[in-house]
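Q: Just one file: structure29.txt, with compact mmCIF, C-alpha atoms and all ligand atoms.
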```txt
# COMPACT_ATOMS: atom_id res chain seq x y z
CA MET F 1 25.87 -76.54 -78.53
CA SER F 2 23.17 -79.08 -77.65
CA ARG F 3 21.69 -79.14 -74.16
CA LEU F 4 23.39 -82.48 -73.62
CA ASP F 5 26.80 -81.05 -74.54
CA ASN F 6 26.14 -78.05 -72.31
CA PHE F 7 25.13 -80.28 -69.40
CA ILE F 8 28.25 -82.43 -69.73
CA SER F 9 30.42 -79.33 -69.89
CA ARG F 10 28.75 -77.91 -66.77
CA MET F 11 29.12 -81.16 -64.83
CA THR F 12 32.77 -81.45 -65.92
CA ALA F 13 33.46 -77.93 -64.64
CA GLN F 14 31.53 -78.69 -61.44
CA ARG F 15 33.58 -81.82 -60.74
CA ASP F 16 36.89 -80.16 -61.68
CA ILE F 17 36.24 -77.32 -59.26
CA LEU F 18 35.08 -79.55 -56.40
CA ASN F 19 38.06 -81.87 -56.87
CA GLN F 20 40.47 -78.94 -56.81
CA ILE F 21 39.13 -77.24 -53.70
CA CYS F 22 38.27 -80.26 -51.50
CA PRO F 23 41.90 -80.71 -50.35
CA GLU F 24 41.91 -77.01 -49.36
CA VAL F 25 38.59 -77.38 -47.57
CA ALA F 26 39.91 -80.48 -45.76
CA LYS F 27 42.61 -78.32 -44.15
CA MET F 28 40.07 -75.74 -42.98
CA GLU F 29 37.74 -75.72 -39.97
CA GLY F 30 34.05 -75.33 -40.66
CA LEU F 31 30.95 -77.07 -41.91
CA VAL F 32 30.21 -77.84 -45.54
CA PHE F 33 26.83 -76.88 -46.98
CA GLU F 34 25.21 -78.42 -50.02
CA LEU F 35 22.41 -76.20 -51.32
CA GLY F 36 20.26 -78.39 -53.58
CA LEU F 37 20.42 -82.14 -52.90
CA GLY F 38 18.69 -83.08 -56.16
CA ASN F 39 19.69 -86.62 -57.11
CA GLY F 40 22.45 -86.48 -54.48
CA ARG F 41 25.36 -86.91 -56.90
CA THR F 42 27.42 -83.96 -55.69
CA PHE F 43 26.55 -84.72 -52.05
CA HIS F 44 27.87 -88.25 -52.65
CA HIS F 45 31.01 -86.82 -54.27
CA LEU F 46 31.65 -84.37 -51.43
CA ARG F 47 31.15 -87.12 -48.88
CA GLU F 48 33.81 -89.19 -50.64
CA ARG F 49 36.23 -86.30 -50.99
CA LEU F 50 35.76 -84.97 -47.45
CA PRO F 51 35.53 -88.06 -45.25
CA GLY F 52 34.42 -87.29 -41.71
CA ARG F 53 33.38 -83.73 -42.47
CA ARG F 54 29.86 -82.72 -41.52
CA ILE F 55 27.87 -81.82 -44.65
CA VAL F 56 24.52 -80.13 -44.15
CA VAL F 57 22.21 -80.49 -47.14
CA PHE F 58 19.18 -78.46 -48.22
CA ASP F 59 16.32 -79.02 -50.62
CA ARG F 60 12.58 -78.57 -50.83
CA GLU F 61 12.11 -82.32 -50.65
CA VAL F 62 14.13 -85.51 -50.90
CA GLY F 63 14.39 -86.83 -54.45
CA ALA F 64 17.85 -88.37 -54.21
CA HIS F 65 19.07 -91.87 -54.95
CA ALA F 66 18.86 -94.03 -51.82
CA SER F 67 22.66 -94.16 -51.59
CA SER F 68 22.89 -90.39 -51.34
CA ILE F 69 20.45 -89.29 -48.68
CA PRO F 70 21.92 -87.44 -45.70
CA ASP F 71 21.10 -88.38 -42.11
CA ALA F 72 18.05 -86.58 -40.77
CA GLU F 73 20.15 -84.26 -38.58
CA ASN F 74 22.05 -83.05 -41.66
CA LEU F 75 19.05 -82.55 -43.92
CA VAL F 76 17.09 -79.30 -44.00
CA LEU F 77 13.86 -79.30 -45.98
CA GLY F 78 12.04 -76.21 -47.23
CA ASP F 79 12.89 -73.16 -49.30
CA ILE F 80 16.63 -72.51 -48.97
CA ARG F 81 16.03 -68.78 -49.03
CA GLU F 82 14.29 -69.19 -45.66
CA THR F 83 15.84 -72.34 -44.14
CA ALA F 84 19.52 -71.44 -44.64
CA ARG F 85 19.18 -68.10 -42.91
CA ARG F 86 19.75 -69.62 -39.50
CA PHE F 87 23.25 -70.66 -40.60
CA ILE F 88 24.38 -67.10 -41.29
CA GLY F 89 27.47 -66.45 -39.17
CA ILE F 90 28.40 -70.15 -38.85
CA ASP F 91 31.82 -69.75 -40.57
CA ALA F 92 31.42 -72.55 -43.11
CA ALA F 93 34.43 -73.80 -45.06
CA LEU F 94 32.46 -74.52 -48.23
CA VAL F 95 29.05 -73.72 -49.63
CA HIS F 96 28.17 -75.54 -52.84
CA ALA F 97 25.01 -74.27 -54.53
CA ASP F 98 23.63 -76.15 -57.51
CA ILE F 99 20.22 -74.53 -57.72
CA GLY F 100 20.28 -72.96 -61.17
CA THR F 101 17.32 -73.79 -63.39
CA GLY F 102 18.54 -72.88 -66.85
CA TYR F 103 15.74 -70.28 -67.03
CA GLU F 104 17.18 -66.76 -67.06
CA ASP F 105 14.23 -65.13 -65.33
CA ARG F 106 14.17 -67.65 -62.44
CA ASP F 107 17.93 -67.58 -61.98
CA ALA F 108 17.82 -63.78 -61.93
CA VAL F 109 15.50 -63.98 -58.91
CA THR F 110 17.89 -66.40 -57.18
CA ALA F 111 20.73 -63.96 -57.87
CA THR F 112 18.94 -61.35 -55.75
CA TRP F 113 19.34 -63.39 -52.51
CA LEU F 114 21.80 -66.28 -52.95
CA PRO F 115 25.12 -64.34 -53.00
CA ASP F 116 24.26 -62.48 -49.79
CA LEU F 117 23.19 -65.71 -48.07
CA ILE F 118 26.38 -67.54 -49.07
CA ALA F 119 28.64 -64.64 -48.06
CA GLY F 120 26.94 -64.68 -44.65
CA MET F 121 27.44 -68.44 -44.17
CA LEU F 122 31.14 -68.62 -45.11
CA ARG F 123 34.21 -68.02 -43.02
CA VAL F 124 36.82 -65.63 -44.38
CA GLY F 125 38.90 -67.74 -46.78
CA GLY F 126 36.06 -70.23 -47.27
CA PHE F 127 34.93 -71.27 -50.74
CA ALA F 128 31.69 -70.82 -52.64
CA VAL F 129 31.08 -73.07 -55.64
CA SER F 130 27.97 -72.34 -57.66
CA GLY F 131 26.15 -73.09 -60.86
CA THR F 132 25.00 -69.50 -61.02
CA PRO F 133 27.15 -66.34 -60.77
CA LEU F 134 27.69 -64.91 -57.27
CA ASP F 135 28.05 -61.14 -57.51
CA HIS F 136 28.89 -59.90 -54.03
CA PRO F 137 31.63 -57.62 -52.64
CA GLN F 138 32.71 -60.30 -50.14
CA LEU F 139 32.88 -63.09 -52.73
CA GLN F 140 35.98 -62.79 -54.87
CA ARG F 141 35.71 -64.73 -58.07
CA LEU F 142 38.62 -67.08 -58.75
CA PRO F 143 39.55 -68.62 -62.09
CA ALA F 144 37.85 -72.00 -62.27
CA PRO F 145 40.39 -74.86 -62.42
CA THR F 146 38.86 -76.45 -65.50
CA SER F 147 39.38 -76.45 -69.23
CA GLU F 148 35.63 -75.85 -69.70
CA PRO F 149 34.41 -72.34 -70.62
CA ALA F 150 34.47 -69.84 -67.74
CA ASP F 151 30.68 -69.41 -67.50
CA ARG F 152 29.89 -73.08 -66.84
CA TYR F 153 30.44 -73.11 -63.07
CA PHE F 154 31.68 -70.51 -60.62
CA LEU F 155 34.30 -70.50 -57.85
CA CYS F 156 34.64 -67.71 -55.29
CA LYS F 157 36.57 -67.11 -52.09
CA ARG F 158 35.06 -65.26 -49.13
CA VAL F 159 37.17 -62.14 -48.49
N1 LIG V 201 23.83 -81.20 -57.26
C1 LIG V 201 22.70 -82.12 -57.30
C2 LIG V 201 23.15 -83.47 -57.76
O1 LIG V 201 24.34 -83.63 -58.06
O2 LIG V 201 22.35 -84.40 -57.80
C3 LIG V 201 21.61 -81.59 -58.22
C4 LIG V 201 20.87 -80.42 -57.69
S1 LIG V 201 19.43 -80.06 -58.64
C5 LIG V 201 20.11 -79.36 -60.09
C6 LIG V 201 18.78 -78.65 -57.84
C7 LIG V 201 18.00 -78.98 -56.59
O3 LIG V 201 17.86 -77.76 -55.86
C8 LIG V 201 16.59 -79.48 -56.86
O4 LIG V 201 16.40 -80.70 -56.17
C9 LIG V 201 15.66 -78.39 -56.30
O5 LIG V 201 14.54 -78.91 -55.63
C10 LIG V 201 16.58 -77.69 -55.31
N2 LIG V 201 16.25 -76.26 -55.14
C11 LIG V 201 16.36 -75.28 -56.05
N3 LIG V 201 16.00 -74.10 -55.52
C12 LIG V 201 15.64 -74.35 -54.23
C13 LIG V 201 15.16 -73.55 -53.16
N4 LIG V 201 14.98 -72.22 -53.29
N5 LIG V 201 14.90 -74.15 -51.98
C14 LIG V 201 15.05 -75.50 -51.84
N6 LIG V 201 15.52 -76.30 -52.80
C15 LIG V 201 15.81 -75.75 -53.98
```
Render the structure in this file as structure tokens.
A:
Amino acid sequence: MSRLDNFISRMTAQRDILNQICPEVAKMEGLVFELGLGNGRTFHHLRERLPGRRIVVFDREVGAHASSIPDAENLVLGDIRETARRFIGIDAALVHADIGTGYEDRDAVTATWLPDLIAGMLRVGGFAVSGTPLDHPQLQRLPAPTSEPADRYFLCKRV
């Protein structure tokens, strides 16, 4: 499979999962966290799907399209591994993490801290959606509501 095909498949799975869980998230109390603003496409999508919900967004720096930049009070700049720690215990409804790199060695390092961080930020019953696997005893993997292969994007529920 070409990298282009793989990318499209990943983005299709990402959108399918977000579309499926946003109505559930809308019924739940709690903040939404976007780990990795990037171009701002998924932030823009979440903002459309969850009108009125506070979405707090993280990245090292702002590189997003002008239409997709969060307000200053909802933007946290710096290394997520450090900056998101202060939101542990906040009982979030959704954490979406799109910080995979496509490099196995780098993503393996992320896997040593990201699952624990996300489990700490979510309320029980809250959702984690991620481009990288989240192996953690408090994050129960759910079947992804997509026809794309199962390893493209990951959905978990905080138990
Ligand atoms: N979902 C975004 C979109 O739809 O446009 C794309 C996100 S992009 C793939 C990943 C982003 O995560 C990059 O902007 C990168 O700077 C950021 N990122 C990755 N690891 C990070 C870390 N440890 N701390 C802060 N930002 C990080």
Q: Using all atoms listed in the file, which residues of the polymer chains come no farther than 9 Å from ligand LIG 201 (chain V)? I'd like the answer as an NGL selection string.
A: :F and (11 or 34-45 or 58-65 or 68 or 76-83 or 96-101 or 110 or 131)
Q: Report the distance between atom CA of F:Arg47 and atom CA of F:Ala144 in Å, rounded to one decimal place.
A: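 Atom-to-atom, atom CA of F:Arg47 to atom CA of F:Ala144, that is 21.3 Å.
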Q: Just how far from atom CA of F:Ile90 is atom CA of F:Ala111, in Å to one decimal?
A: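 Atom-to-atom, atom CA of F:Ala111 to atom CA of F:Ile90, that is 21.4 Å.
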Q: What does the distance from atom CA of F:Gln20 to atom CA of F:Tyr103 come to in Å, to one decimal?
A: 28.1 Å
Q: Hey, which of F:Val129, F:Val159, F:Gly120, F:Asp135 ends up closest to F:Ala13? Count all atoms listed in the file.
A: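 Closest to F:Ala13, using all atoms listed in the file: F:Val129.
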